[in-house]
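A.B. asks: My file is my_file.pdb. It has PDB, C-alpha atoms:
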```pdb
ATOM      1  CA  MET A  30       0.000   0.000   0.000
ATOM      2  CA  LYS A  31       1.419   3.349  -0.981
ATOM      3  CA  ILE A  32       1.868   5.417   2.141
ATOM      4  CA  HIS A  33      -0.412   8.342   1.392
ATOM      5  CA  LEU A  34      -1.119   8.305   5.116
ATOM      6  CA  SER A  35      -3.706  10.897   4.588
ATOM      7  CA  LEU A  36      -6.626  10.994   6.640
ATOM      8  CA  THR A  37      -6.225  10.359  10.046
ATOM      9  CA  VAL A  38      -7.616   7.503   8.517
ATOM     10  CA  VAL A  39      -4.674   6.469   6.354
ATOM     11  CA  ILE A  40      -6.304   8.603   8.405
ATOM     12  CA  ALA A  41      -0.417  37.933  17.633
ATOM     13  CA  ALA A  42      -1.979  39.265  20.421
ATOM     14  CA  ALA A  43      -1.309  40.906  23.762
ATOM     15  CA  GLY A  44      -0.177  38.657  26.592
ATOM     16  CA  CYS A  45      -2.023  37.813  29.789
ATOM     17  CA  ALA A  46       0.014  39.991  32.119
ATOM     18  CA  SER A  47      -2.432  39.566  35.015
ATOM     19  CA  PRO A  48      -4.210  36.248  34.490
ATOM     20  CA  ARG A  49      -7.719  35.988  35.869
ATOM     21  CA  VAL A  50      -7.957  33.225  38.427
ATOM     22  CA  THR A  51     -10.893  31.106  39.508
ATOM     23  CA  SER A  52     -11.718  30.459  43.127
ATOM     24  CA  SER A  53      -9.692  27.237  43.002
ATOM     25  CA  GLY A  54      -6.573  29.191  41.998
ATOM     26  CA  VAL A  55      -6.412  28.021  38.385
ATOM     27  CA  CYS A  56      -6.539  29.939  35.121
ATOM     28  CA  ASP A  57      -9.995  30.513  33.645
ATOM     29  CA  ARG A  58     -10.685  30.478  29.894
ATOM     30  CA  ALA A  59      -9.419  34.008  29.348
ATOM     31  CA  CYS A  60      -6.231  33.300  31.258
ATOM     32  CA  LEU A  61      -5.472  30.085  29.376
ATOM     33  CA  LYS A  62      -6.097  31.790  26.055
ATOM     34  CA  GLY A  63      -3.781  34.569  27.215
ATOM     35  CA  MET A  64      -1.058  32.031  27.936
ATOM     36  CA  LEU A  65      -1.346  30.784  24.370
ATOM     37  CA  ASP A  66      -1.338  34.352  23.040
ATOM     38  CA  GLN A  67       1.876  35.010  24.964
ATOM     39  CA  TYR A  68       3.425  31.783  23.728
ATOM     40  CA  PHE A  69       2.949  32.751  20.093
ATOM     41  CA  GLU A  70       3.914  36.368  20.673
ATOM     42  CA  ARG A  71       7.254  35.282  22.153
ATOM     43  CA  MET A  72       7.743  32.570  19.542
ATOM     44  CA  VAL A  73       7.620  34.977  16.606
ATOM     45  CA  GLN A  74      10.037  37.206  18.554
ATOM     46  CA  HIS A  75      12.320  34.161  19.031
ATOM     47  CA  ASP A  76      12.564  34.924  22.756
ATOM     48  CA  ALA A  77      11.162  32.543  25.362
ATOM     49  CA  SER A  78      12.848  34.313  28.276
ATOM     50  CA  LYS A  79       9.744  36.328  29.192
ATOM     51  CA  LEU A  80       7.291  33.448  29.126
ATOM     52  CA  PRO A  81       5.839  32.465  32.523
ATOM     53  CA  MET A  82       7.504  29.046  32.548
ATOM     54  CA  SER A  83       8.090  26.574  35.321
ATOM     55  CA  PRO A  84      11.762  25.735  35.969
ATOM     56  CA  SER A  85      10.850  22.132  35.170
ATOM     57  CA  VAL A  86       9.014  22.871  31.911
ATOM     58  CA  ARG A  87       9.019  19.994  29.445
ATOM     59  CA  PHE A  88       8.925  20.704  25.698
ATOM     60  CA  THR A  89       8.618  18.233  22.825
ATOM     61  CA  GLU A  90       8.427  18.623  19.051
ATOM     62  CA  ASN A  91       7.195  15.639  17.041
ATOM     63  CA  GLY A  92       7.666  13.350  20.012
ATOM     64  CA  ARG A  93      11.227  14.304  20.847
ATOM     65  CA  GLN A  94      12.628  16.524  23.559
ATOM     66  CA  ALA A  95      13.235  20.032  22.242
ATOM     67  CA  SER A  96      14.388  23.441  23.423
ATOM     68  CA  PHE A  97      13.168  26.974  22.887
ATOM     69  CA  ASP A  98      16.188  27.977  20.800
ATOM     70  CA  GLU A  99      15.642  25.527  17.945
ATOM     71  CA  GLY A 100      13.038  24.323  15.471
ATOM     72  CA  VAL A 101       9.987  26.468  14.949
ATOM     73  CA  TRP A 102      11.129  28.838  17.707
ATOM     74  CA  LYS A 103      13.968  29.920  15.413
ATOM     75  CA  SER A 104      11.969  30.088  12.194
ATOM     76  CA  ALA A 105       8.463  31.363  13.061
ATOM     77  CA  ALA A 106       7.599  34.736  11.537
ATOM     78  CA  ALA A 107       3.828  34.950  12.112
ATOM     79  CA  ILE A 108       0.770  32.941  13.135
ATOM     80  CA  THR A 109      -1.861  33.155  10.408
ATOM     81  CA  TYR A 110      -4.557  30.787  11.729
ATOM     82  CA  ARG A 111      -5.665  29.276  15.043
ATOM     83  CA  LEU A 112      -8.232  26.759  16.216
ATOM     84  CA  ASP A 113      -8.209  26.741  20.023
ATOM     85  CA  ALA A 114      -9.537  24.314  22.627
ATOM     86  CA  ILE A 115      -9.518  25.361  26.285
ATOM     87  CA  ASP A 116      -9.768  22.948  29.231
ATOM     88  CA  THR A 117     -10.176  24.726  32.562
ATOM     89  CA  ALA A 118     -10.600  21.430  34.424
ATOM     90  CA  THR A 119      -7.004  20.395  33.686
ATOM     91  CA  ASN A 120      -5.398  23.828  33.165
ATOM     92  CA  GLN A 121      -4.616  23.089  29.533
ATOM     93  CA  VAL A 122      -5.056  24.851  26.223
ATOM     94  CA  ALA A 123      -4.338  23.595  22.723
ATOM     95  CA  THR A 124      -4.460  24.997  19.233
ATOM     96  CA  GLU A 125      -4.017  23.837  15.693
ATOM     97  CA  ALA A 126      -2.244  26.737  14.020
ATOM     98  CA  VAL A 127      -0.609  27.778  10.788
ATOM     99  CA  VAL A 128       2.804  29.376  11.172
ATOM    100  CA  ARG A 129       4.635  31.336   8.511
ATOM    101  CA  GLU A 130       8.344  30.511   8.216
ATOM    102  CA  GLY A 131      10.093  32.698   5.668
ATOM    103  CA  SER A 132       8.092  32.319   2.455
ATOM    104  CA  GLY A 133       6.498  29.030   3.485
ATOM    105  CA  LEU A 134       3.791  27.803   5.847
ATOM    106  CA  ALA A 135       3.768  24.959   8.343
ATOM    107  CA  HIS A 136       0.914  23.286  10.215
ATOM    108  CA  LEU A 137       1.328  23.154  13.973
ATOM    109  CA  LEU A 138      -0.334  21.662  17.043
ATOM    110  CA  VAL A 139       0.550  23.255  20.376
ATOM    111  CA  ARG A 140      -0.620  21.995  23.769
ATOM    112  CA  LEU A 141       0.233  23.956  26.927
ATOM    113  CA  LYS A 142      -0.342  22.890  30.519
ATOM    114  CA  VAL A 143      -0.263  25.484  33.296
ATOM    115  CA  ASP A 144       0.657  24.621  36.883
ATOM    116  CA  ALA A 145      -0.848  25.877  40.153
ATOM    117  CA  ASP A 146       1.505  28.885  40.080
ATOM    118  CA  ARG A 147       0.138  29.835  36.652
ATOM    119  CA  LYS A 148       3.368  28.907  34.913
ATOM    120  CA  ILE A 149       3.682  26.769  31.791
ATOM    121  CA  ASN A 150       5.071  23.358  32.719
ATOM    122  CA  GLU A 151       4.225  21.299  29.616
ATOM    123  CA  VAL A 152       4.598  22.194  25.940
ATOM    124  CA  GLU A 153       3.752  19.578  23.330
ATOM    125  CA  THR A 154       4.048  20.373  19.635
ATOM    126  CA  ILE A 155       3.418  18.495  16.411
ATOM    127  CA  LEU A 156       4.822  20.284  13.374
ATOM    128  CA  CYS A 157       4.396  19.435   9.695
ATOM    129  CA  ARG A 158       6.301  21.245   6.976
ATOM    130  CA  LYS A 159       6.075  20.818   3.228
ATOM    131  CA  GLY A 160       7.459  17.430   2.240
ATOM    132  CA  GLN A 161       6.742  15.831   5.607
ATOM    133  CA  GLN A 162       3.290  14.540   4.626
ATOM    134  CA  GLU A 163       1.583  13.991   1.302
ATOM    135  CA  LEU A 164      -1.516  15.800   2.484
ATOM    136  CA  PHE A 165      -0.369  19.371   2.974
ATOM    137  CA  ALA A 166      -2.228  22.598   2.220
ATOM    138  CA  PRO A 167      -2.047  24.923   5.235
ATOM    139  CA  ASP A 168      -2.710  27.840   2.868
ATOM    140  CA  LYS A 169      -6.338  26.664   2.784
ATOM    141  CA  LEU A 170      -6.666  27.378   6.512
ATOM    142  CA  THR A 171      -7.511  31.067   6.750
ATOM    143  CA  MET A 172     -10.429  31.323   9.196
ATOM    144  CA  THR A 173     -11.383  29.269  12.233
ATOM    145  CA  PRO A 174     -14.331  27.076  11.200
ATOM    146  CA  ALA A 175     -17.515  28.587  12.583
ATOM    147  CA  ILE A 176     -18.628  25.266  14.023
ATOM    148  CA  TYR A 177     -15.647  25.287  16.408
ATOM    149  CA  ALA A 178     -16.194  28.860  17.554
ATOM    150  CA  THR A 179     -19.737  28.199  18.751
ATOM    151  CA  ALA A 180     -20.599  27.040  22.255
ATOM    152  CA  VAL A 181     -22.637  23.843  22.437
ATOM    153  CA  PRO A 182     -26.158  24.337  23.847
ATOM    154  CA  ASP A 183     -26.692  22.707  27.236
ATOM    155  CA  SER A 184     -29.170  20.253  25.735
ATOM    156  CA  GLU A 185     -26.517  19.011  23.272
ATOM    157  CA  ARG A 186     -23.493  19.148  25.585
ATOM    158  CA  ASN A 187     -21.617  15.982  26.510
ATOM    159  CA  SER A 188     -19.515  15.387  29.609
ATOM    160  CA  ARG A 189     -15.740  15.302  29.314
ATOM    161  CA  GLU A 190     -15.795  11.534  29.897
ATOM    162  CA  GLN A 191     -18.346  11.078  27.121
ATOM    163  CA  MET A 192     -16.367  13.288  24.742
ATOM    164  CA  ALA A 193     -13.162  11.313  25.299
ATOM    165  CA  ALA A 194     -15.052   8.059  24.732
ATOM    166  CA  ILE A 195     -16.626   9.382  21.510
ATOM    167  CA  ALA A 196     -13.242  10.464  20.143
ATOM    168  CA  ASP A 197     -11.710   7.149  21.157
ATOM    169  CA  ALA A 198     -14.546   5.318  19.398
ATOM    170  CA  TYR A 199     -13.517   7.062  16.180
ATOM    171  CA  PHE A 200      -9.943   5.825  16.575
ATOM    172  CA  THR A 201     -11.294   2.322  17.234
ATOM    173  CA  ALA A 202     -13.435   2.475  14.076
ATOM    174  CA  VAL A 203     -10.382   3.461  12.024
ATOM    175  CA  GLN A 204      -8.367   0.627  13.525
ATOM    176  CA  SER A 205     -11.063  -2.023  13.079
ATOM    177  CA  GLU A 206     -12.502  -1.034   9.667
ATOM    178  CA  GLY A 207     -12.597  -3.835   7.129
ATOM    179  CA  SER A 208     -12.369  -6.475   9.846
ATOM    180  CA  PRO A 209     -14.905  -8.670  11.658
ATOM    181  CA  ASP A 210     -14.276  -6.570  14.764
ATOM    182  CA  TYR A 211     -15.338  -3.329  13.081
ATOM    183  CA  ARG A 212     -17.305  -0.954  15.275
ATOM    184  CA  PRO A 213     -18.835   2.116  13.545
ATOM    185  CA  ALA A 214     -17.873   5.558  14.770
ATOM    186  CA  PRO A 215     -20.431   7.988  16.231
ATOM    187  CA  LEU A 216     -20.274  10.389  13.277
ATOM    188  CA  SER A 217     -23.010  12.740  12.146
ATOM    189  CA  ALA A 218     -24.232  12.191   8.590
ATOM    190  CA  ASP A 219     -22.725  15.488   7.428
ATOM    191  CA  ALA A 220     -19.414  15.225   9.306
ATOM    192  CA  ASN A 221     -16.305  16.237   7.375
ATOM    193  CA  ARG A 222     -12.621  15.718   8.068
ATOM    194  CA  PHE A 223      -9.803  18.089   7.134
ATOM    195  CA  GLU A 224      -6.161  17.013   7.354
ATOM    196  CA  ASN A 225      -3.335  19.526   7.119
ATOM    197  CA  GLY A 226      -5.879  21.801   5.455
ATOM    198  CA  ILE A 227      -7.211  19.284   2.897
ATOM    199  CA  GLN A 228     -10.766  17.966   2.943
ATOM    200  CA  THR A 229     -10.638  14.164   2.896
ATOM    201  CA  THR A 230     -14.339  13.247   3.111
ATOM    202  CA  ASN A 231     -17.176  13.739   0.611
ATOM    203  CA  VAL A 232     -14.618  14.272  -2.151
ATOM    204  CA  ALA A 233     -12.895  11.811  -4.453
ATOM    205  CA  ILE A 234      -9.451  11.088  -3.031
ATOM    206  CA  PHE A 235      -6.581   8.703  -3.835
ATOM    207  CA  GLY A 236      -8.507   7.204  -6.730
ATOM    208  CA  MET A 237     -11.494   6.374  -4.534
ATOM    209  CA  PRO A 238     -14.980   7.812  -5.028
ATOM    210  CA  ALA A 239     -16.413  10.508  -2.798
ATOM    211  CA  ALA A 240     -17.876   9.128   0.424
ATOM    212  CA  SER A 241     -18.900  10.435   3.795
ATOM    213  CA  ALA A 242     -16.724   9.875   6.843
ATOM    214  CA  SER A 243     -19.020   7.053   7.968
ATOM    215  CA  GLU A 244     -19.134   5.459   4.522
ATOM    216  CA  GLN A 245     -15.354   5.440   4.244
ATOM    217  CA  LEU A 246     -15.103   3.486   7.484
ATOM    218  CA  ASP A 247     -18.109   1.239   6.821
ATOM    219  CA  LYS A 248     -16.673   0.240   3.435
ATOM    220  CA  GLY A 249     -13.148  -0.240   4.789
ATOM    221  CA  TYR A 250     -11.465   2.305   2.535
ATOM    222  CA  PHE A 251      -8.360   2.227   4.705
ATOM    223  CA  LYS A 252      -7.216  -0.946   6.402
ATOM    224  CA  ASN A 253      -4.277  -2.392   8.299
ATOM    225  CA  LEU A 254      -3.947   0.572  10.612
ATOM    226  CA  ALA A 255      -3.466   0.710  14.357
ATOM    227  CA  LEU A 256      -3.972   3.771  16.570
ATOM    228  CA  VAL A 257      -1.598   3.431  19.518
ATOM    229  CA  HIS A 258      -0.597   5.660  22.426
ATOM    230  CA  ARG A 259      -4.026   7.313  22.279
ATOM    231  CA  ARG A 260      -4.531  10.323  24.533
ATOM    232  CA  PHE A 261      -7.258  12.924  24.945
ATOM    233  CA  PRO A 262      -5.480  15.565  27.015
ATOM    234  CA  VAL A 263      -7.675  18.598  26.271
ATOM    235  CA  ILE A 264     -11.473  18.501  26.535
ATOM    236  CA  ASP A 265     -13.300  21.786  25.956
ATOM    237  CA  GLU A 266     -16.816  21.023  27.198
ATOM    238  CA  GLU A 267     -18.135  24.519  26.487
ATOM    239  CA  ARG A 268     -17.211  24.450  22.796
ATOM    240  CA  GLY A 269     -17.550  20.680  22.419
ATOM    241  CA  VAL A 270     -13.970  20.130  21.245
ATOM    242  CA  ALA A 271     -11.849  17.122  22.201
ATOM    243  CA  LEU A 272      -8.166  16.874  21.296
ATOM    244  CA  GLY A 273      -7.008  13.372  20.425
ATOM    245  CA  ILE A 274      -3.332  12.524  19.916
ATOM    246  CA  ALA A 275      -2.000   9.159  18.720
ATOM    247  CA  ILE A 276       0.484   7.357  16.538
ATOM    248  CA  MET A 277      -1.051   5.689  13.497
ATOM    249  CA  GLN A 278       0.893   2.567  12.646
ATOM    250  CA  VAL A 279       0.695   1.004   9.182
ATOM    251  CA  LYS A 280       0.996  -2.765   8.973
ATOM    252  CA  ASP A 281       4.148  -4.032   7.265
ATOM    253  CA  GLN A 282       5.558  -0.528   6.835
ATOM    254  CA  PRO A 283       8.141   1.229   9.008
ATOM    255  CA  GLN A 284       6.507   4.635   8.739
ATOM    256  CA  GLY A 285       3.196   5.804  10.079
ATOM    257  CA  LEU A 286       1.889   9.107  11.375
ATOM    258  CA  LEU A 287       2.007  11.207  14.492
ATOM    259  CA  LEU A 288      -1.341  12.972  14.545
ATOM    260  CA  SER A 289      -3.566  15.296  16.481
ATOM    261  CA  GLU A 290      -7.276  15.666  15.831
ATOM    262  CA  MET A 291      -9.705  18.294  17.050
ATOM    263  CA  PHE A 292     -13.097  16.576  17.259
ATOM    264  CA  LYS A 293     -16.168  18.829  17.327
ATOM    265  CA  ILE A 294     -18.752  16.917  19.345
ATOM    266  CA  SER A 295     -22.369  17.616  20.245
ATOM    267  CA  GLY A 296     -25.364  15.442  20.940
ATOM    268  CA  GLY A 297     -23.126  12.398  21.228
ATOM    269  CA  ARG A 298     -21.865  12.717  17.641
ATOM    270  CA  ILE A 299     -18.709  13.918  15.916
ATOM    271  CA  ARG A 300     -19.638  16.854  13.689
ATOM    272  CA  GLN A 301     -16.229  17.717  12.236
ATOM    273  CA  ILE A 302     -12.570  16.739  12.501
ATOM    274  CA  GLN A 303      -9.563  19.002  11.976
ATOM    275  CA  ALA A 304      -6.189  17.275  12.021
ATOM    276  CA  VAL A 305      -2.460  17.921  12.019
ATOM    277  CA  LEU A 306      -0.427  14.947  10.820
ATOM    278  CA  VAL A 307       3.222  14.324  10.088
ATOM    279  CA  ASN A 308       5.111  11.249   8.928
ATOM    280  CA  HIS A 309       6.535   9.401  11.923
ATOM    281  CA  PRO A 310       8.134   5.984  12.535
ATOM    282  CA  ASN A 311       5.650   3.326  13.608
ATOM    283  CA  ASP A 312       7.730   2.752  16.727
ATOM    284  CA  GLY A 313       8.657   6.419  17.203
ATOM    285  CA  PRO A 314       8.105   8.264  20.466
ATOM    286  CA  THR A 315       5.232  10.541  21.365
ATOM    287  CA  GLY A 316       7.235  12.129  24.183
ATOM    288  CA  TRP A 317       4.303  11.764  26.597
ATOM    289  CA  ASN A 318       3.677   8.032  27.009
TER
END
```
Any chance you could put this one into structure tokens?
C.D. replies:
Amino acid sequence: MKIHLSLTVVIAAAGCASPRVTSSGVCDRACLKGMLDQYFERMVQHDASKLPMSPSVRFTENGRQASFDEGVWKSAAAITYRLDAIDTATNQVATEAVVREGSGLAHLLVRLKVDADRKINEVETILCRKGQQELFAPDKLTMTPAIYATAVPDSERNSREQMAAIADAYFTAVQSEGSPDYRPAPLSADANRFENGIQTTNVAIFGMPAASASEQLDKGYFKNLALVHRRFPVIDEERGVALGIAIMQVKDQPQGLLLSEMFKISGGRIRQIQAVLVNHPNDGPTGWN
């Protein structure tokens, strides 16, 4: 099988100088967003010295330990797109972003965790540049999808435990498609998936006819995949967004994908998926397992 490894299915703003704090002493939504604003502001200035960071901060890029004087911290010129998810229950915020580096663009996932002293103590990044994945069109990402910017009505809202289970059920459907153990994913009929900026559902792709996200899985379009080291570290109950991170292994091939997916969930169903994916060894590290 040619390693298209598409789908997750072959699948600057002012800083938060005085973060608002909830009664439990943790950052609220505005504070966590402000931490992310500061992170990007300092990144494009190539200066992490003024970030509110814990002395024990841990930083990874594509599963490997990194530092703030290399990689995208040296090359970033501007952030042109963001899709945020904010989790006040765990003091975490994540975004799928587009970063301009010189004349080119890269697709980026950033997850920050803030400690009880309101300092950043975890930074996880997944970065895909041109040539690091066949699916790559970050120039198509210009505005945050409206569906992600809208709060979920109380009547349609799922608990954080339910949201993690729904996202995990999607990974299980991808892993089991085309097999006797296949279990359908809880996808809405009109759900679409976008990977590194490219729509990969309801359009003809890789020589296969257009099909919905559910149809692709039901018909076993993509087989021999395993989703390992699954995590759902950021759950934004207000906006109905769950962040899933995993390694997608491809049977009989050394290379798979390191991926992040922002699942929009309401009423117990996945309404849309936005993903960052980069080629990654099947047995490569995530940095967090």
A.B. asks: Write out as a PyMOL selection string the residues lying within 10 Å of range 220-226 of chain A, counting all atoms listed in the file and excluding same-chain residues fewer than 4 positions away.
C.D. replies: chain A and resi 35-38+40+125+127+135-137+157-158+162-171+216+230-232+241-243+288-293+298-307
A.B. asks: Which residues are close to range 75-88 of chain A, i.e. within 10 Å by only C-alpha atoms, leaving aside same-chain residues fewer than 2 positions away? Reply as a ChimeraX atom specification.
C.D. replies: /A:44-46,64,67-73,90,92-99,101-106,140-144,146-154,316-317
A.B. asks: Counting all atoms listed in the file, find the residues whose atoms lie at most 10 Å from (-25.4, 16.4, 24.3) (file coordinates) and write them out as a PyMOL selection string.
C.D. replies: chain A and resi 181-188+191-192+269+294-298
A.B. asks: For this structure, which residues satisfy the selection - the PyMOL selection byres ((chain A and resi 253) around 8) - when it is evaluated on the file as given? I want them as a list of chain:residue names.
C.D. replies: A:Gln204, A:Phe251, A:Lys252, A:Leu254, A:Ala255, A:Val279, A:Lys280
A.B. asks: CA of Gln74 in chain A and CA of Ala59 in chain A, how far apart in Å?
C.D. replies: 22.5 Å
A.B. asks: Using the atoms already present, construct N, CA and C atoms for range 208-237 of chain A and hand them back as an mmCIF file, in the frame of the given file.
C.D. replies:
```cif
data_model
loop_
_atom_site.group_PDB
_atom_site.id
_atom_site.type_symbol
_atom_site.label_atom_id
_atom_site.label_comp_id
_atom_site.auth_asym_id
_atom_site.auth_seq_id
_atom_site.Cartn_x
_atom_site.Cartn_y
_atom_site.Cartn_z
ATOM 1 N N SER A 208 -12.611 -5.240 9.107
ATOM 2 C CA SER A 208 -12.369 -6.475 9.846
ATOM 3 C C SER A 208 -13.661 -6.935 10.516
ATOM 4 N N PRO A 209 -13.714 -8.186 10.957
ATOM 5 C CA PRO A 209 -14.905 -8.670 11.658
ATOM 6 C C PRO A 209 -15.163 -7.934 12.968
ATOM 7 N N ASP A 210 -14.133 -7.280 13.492
ATOM 8 C CA ASP A 210 -14.276 -6.570 14.764
ATOM 9 C C ASP A 210 -14.681 -5.108 14.585
ATOM 10 N N TYR A 211 -15.013 -4.733 13.361
ATOM 11 C CA TYR A 211 -15.338 -3.329 13.081
ATOM 12 C C TYR A 211 -16.492 -2.828 13.942
ATOM 13 N N ARG A 212 -16.267 -1.639 14.506
ATOM 14 C CA ARG A 212 -17.305 -0.954 15.275
ATOM 15 C C ARG A 212 -17.464 0.448 14.701
ATOM 16 N N PRO A 213 -18.634 0.799 14.167
ATOM 17 C CA PRO A 213 -18.835 2.116 13.545
ATOM 18 C C PRO A 213 -18.555 3.252 14.524
ATOM 19 N N ALA A 214 -18.150 4.370 13.963
ATOM 20 C CA ALA A 214 -17.873 5.558 14.770
ATOM 21 C C ALA A 214 -19.139 6.402 14.920
ATOM 22 N N PRO A 215 -19.265 7.121 16.021
ATOM 23 C CA PRO A 215 -20.431 7.988 16.231
ATOM 24 C C PRO A 215 -20.294 9.306 15.467
ATOM 25 N N LEU A 216 -20.435 9.232 14.153
ATOM 26 C CA LEU A 216 -20.274 10.389 13.277
ATOM 27 C C LEU A 216 -21.637 10.878 12.815
ATOM 28 N N SER A 217 -21.795 12.200 12.735
ATOM 29 C CA SER A 217 -23.010 12.740 12.146
ATOM 30 C C SER A 217 -22.974 12.504 10.636
ATOM 31 N N ALA A 218 -24.151 12.499 10.016
ATOM 32 C CA ALA A 218 -24.232 12.191 8.590
ATOM 33 C C ALA A 218 -23.472 13.198 7.745
ATOM 34 N N ASP A 219 -23.379 14.439 8.221
ATOM 35 C CA ASP A 219 -22.725 15.488 7.428
ATOM 36 C C ASP A 219 -21.318 15.817 7.934
ATOM 37 N N ALA A 220 -20.747 14.951 8.758
ATOM 38 C CA ALA A 220 -19.414 15.225 9.306
ATOM 39 C C ALA A 220 -18.364 15.237 8.205
ATOM 40 N N ASN A 221 -17.433 16.180 8.299
ATOM 41 C CA ASN A 221 -16.305 16.237 7.375
ATOM 42 C C ASN A 221 -15.001 16.201 8.152
ATOM 43 N N ARG A 222 -13.954 15.778 7.475
ATOM 44 C CA ARG A 222 -12.621 15.718 8.068
ATOM 45 C C ARG A 222 -11.673 16.520 7.187
ATOM 46 N N PHE A 223 -10.811 17.296 7.830
ATOM 47 C CA PHE A 223 -9.803 18.089 7.134
ATOM 48 C C PHE A 223 -8.452 17.750 7.742
ATOM 49 N N GLU A 224 -7.468 17.428 6.875
ATOM 50 C CA GLU A 224 -6.161 17.013 7.354
ATOM 51 C C GLU A 224 -5.074 17.872 6.724
ATOM 52 N N ASN A 225 -4.333 18.564 7.600
ATOM 53 C CA ASN A 225 -3.335 19.526 7.119
ATOM 54 C C ASN A 225 -3.943 20.474 6.089
ATOM 55 N N GLY A 226 -5.204 20.825 6.307
ATOM 56 C CA GLY A 226 -5.879 21.801 5.455
ATOM 57 C C GLY A 226 -6.654 21.221 4.289
ATOM 58 N N ILE A 227 -6.560 19.911 4.048
ATOM 59 C CA ILE A 227 -7.211 19.284 2.897
ATOM 60 C C ILE A 227 -8.442 18.499 3.337
ATOM 61 N N GLN A 228 -9.559 18.725 2.664
ATOM 62 C CA GLN A 228 -10.766 17.966 2.943
ATOM 63 C C GLN A 228 -10.593 16.548 2.413
ATOM 64 N N THR A 229 -10.867 15.554 3.277
ATOM 65 C CA THR A 229 -10.638 14.164 2.896
ATOM 66 C C THR A 229 -11.905 13.315 3.031
ATOM 67 N N THR A 230 -13.054 13.942 3.112
ATOM 68 C CA THR A 230 -14.339 13.247 3.111
ATOM 69 C C THR A 230 -15.257 13.962 2.132
ATOM 70 N N ASN A 231 -16.200 13.200 1.563
ATOM 71 C CA ASN A 231 -17.176 13.739 0.611
ATOM 72 C C ASN A 231 -16.525 14.354 -0.624
ATOM 73 N N VAL A 232 -15.315 13.911 -0.915
ATOM 74 C CA VAL A 232 -14.618 14.272 -2.151
ATOM 75 C C VAL A 232 -13.877 13.020 -2.624
ATOM 76 N N ALA A 233 -13.692 12.917 -3.930
ATOM 77 C CA ALA A 233 -12.895 11.811 -4.453
ATOM 78 C C ALA A 233 -11.441 12.011 -4.036
ATOM 79 N N ILE A 234 -10.816 10.943 -3.520
ATOM 80 C CA ILE A 234 -9.451 11.088 -3.031
ATOM 81 C C ILE A 234 -8.698 9.774 -3.196
ATOM 82 N N PHE A 235 -7.446 9.860 -3.644
ATOM 83 C CA PHE A 235 -6.581 8.703 -3.835
ATOM 84 C C PHE A 235 -7.227 7.654 -4.740
ATOM 85 N N GLY A 236 -7.909 8.119 -5.780
ATOM 86 C CA GLY A 236 -8.507 7.204 -6.730
ATOM 87 C C GLY A 236 -9.771 6.528 -6.246
ATOM 88 N N MET A 237 -10.270 6.952 -5.084
ATOM 89 C CA MET A 237 -11.494 6.374 -4.534
ATOM 90 C C MET A 237 -12.629 7.372 -4.658
#
```
